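Asker: First the structure, then my questions, so here it is.
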Amino acid sequence: MPFPGIIPCHDRPNRKTSGESPGFAQGAGVYLLKDEKGRVIYVGKSVCLQDRVGSYFLPSTKIEERKQGMLDEVVDFEFIQTESEVEALLAENRLIKDIRPKYNVLMMDDKTFPYLMITTDEDYPGLYYTREPRSDGVKLYGPFTSAHALKDAVQYLQRAFKFRTCHLEILESDEKRRFFRPCLLYAINQCSGPCGDKISRKDYLQDIRRLTRYIEGIGRQC
């Protein structure tokens with residue numbers, strides 16, 4: 001399966017013989033571990049690809065027991081560089097969903113991983129971090145492997161797209177909104193304040209469309 005934008009790293013030394021991963025970038029990105037048949041068996045992300053992937057090949061590194069068997073199968077790996085940790089998180093999620101690597105699936109079977117959930121049945125949709133996603137009236141992204149990274153991503157995305165994360169019922173027809181005082185997130189320019197009628201529904205929905213295009217666009221680049 002071809003992966004546009006992936007940089008191959010063939011003929012690397014295995015973990016038993018070397019502690020280096022030459023050619024890997026210092027920045028954020030996604031890495032794909034492959035077996036002898038060229039199948040992707042694990043997808044991971046890192047703020048620093050070189051440090052993360054290099055650690056797999058250091059004999060002194062303590063590896064989780066569940067990953068030890070995986071490393072015995074790794075003979076090659078590739079990576080995708082991204083501009084930020086948020087993009088790495090989104091790219092990792094899309095690749096896991098599309099490829100369903102053997103060890104990602106095994107590690108996720110017994111856990112409840114978080115999702116990004118955008119409501120689609122409200123006048124002013126909200127974006128939420130959740131481990132119990134609704135089945136209707138929403139657009140879901142996930143599951144994601146790192147709860148901490150996902151929470152950080154929500155803050156990053158909110159600064160850029162200024163969506164709401166509250167659970168208020170906000171109706172376009174409610175004229176009393178103009179008297180409502182928005183929360184602190186509006187004051188620090190992290191939310192556009194639909195609760196206080198600070199933005200039109202048309203402009204707010206345009207911001208939500210930009211947000212979804214960004215999230216889905218990162219995945220398509222993979």
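By order of appearance in the structure tokens: chains A, B, ..., then residues from 1 within every chain, and ligands from 1 in the order shown.
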Using DSSP on the backbone, list every residue of segment 5-174 of chain A that comes out as helix (DSSP H, G or I), and give them as a PyMOL selection string.
Answerer: chain A and resi 49-56+65-73+85-99+102-108+147-161
Asker: Report as a short mmCIF file (atom, residue, chain, number, x, y, z; two decimals) with N, CA, C and O atoms, in the first residue's frame all protein, DNA and RNA residues lying within 8 Å of Leu89 of chain A, evaluated on only C-alpha atoms, omitting residues in the same chain fewer than 6 positions from it.
Answerer:
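Result file selection_12.cif:
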data_model
loop_
_atom_site.label_atom_id
_atom_site.label_comp_id
_atom_site.auth_asym_id
_atom_site.auth_seq_id
_atom_site.Cartn_x
_atom_site.Cartn_y
_atom_site.Cartn_z
N LYS A 45 3.43 7.79 17.11
CA LYS A 45 3.72 9.20 16.87
C LYS A 45 4.73 9.68 17.90
O LYS A 45 4.94 9.04 18.93
N PHE A 144 -8.35 7.76 19.70
CA PHE A 144 -6.97 8.20 19.75
C PHE A 144 -6.23 7.42 20.83
O PHE A 144 -6.82 6.98 21.82
N ALA A 149 -2.35 13.79 24.90
CA ALA A 149 -2.08 14.49 23.64
C ALA A 149 -3.37 15.01 23.02
O ALA A 149 -3.39 16.10 22.42
N LEU A 150 -4.46 14.26 23.15
CA LEU A 150 -5.73 14.70 22.57
C LEU A 150 -6.26 15.93 23.29
O LEU A 150 -6.78 16.86 22.65
#
Asker: Please determine, counting only C-alpha atoms, which residue among A:Val75, A:Leu58, A:Ile41, A:Leu157 has the shortest atom-to-atom distance to Lys102 of chain A.
Answerer: A:Ile41
Asker: Which of these, A:Ala160, A:Ile80, A:Val43, A:Cys48, has the shortest distance to Val105 of chain A once you count only C-alpha atoms?
Answerer: A:Val43
Asker: Under the rule that only C-alpha atoms are counted, which of A:Pro125, A:Tyr156, A:Val86, A:Ile208 is the nearest residue to Leu171 of chain A?
Answerer: A:Pro125
Asker: Could you check the closest approach to Lys139 of chain A for each of A:Ala153, A:Ile215, A:Leu90, A:Leu184 and tell me which residue wins, using only C-alpha atoms?
Answerer: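 Looking at the shortest contact to Lys139 of chain A, the residue is A:Ile215.
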Asker: Just the number, please: distance in Å from atom CA of Leu140 of chain A to atom CA of Glu92 of chain A, one decimal.
Answerer: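 Going from atom CA of Leu140 of chain A over to atom CA of Glu92 of chain A, I get 15.5 Å.
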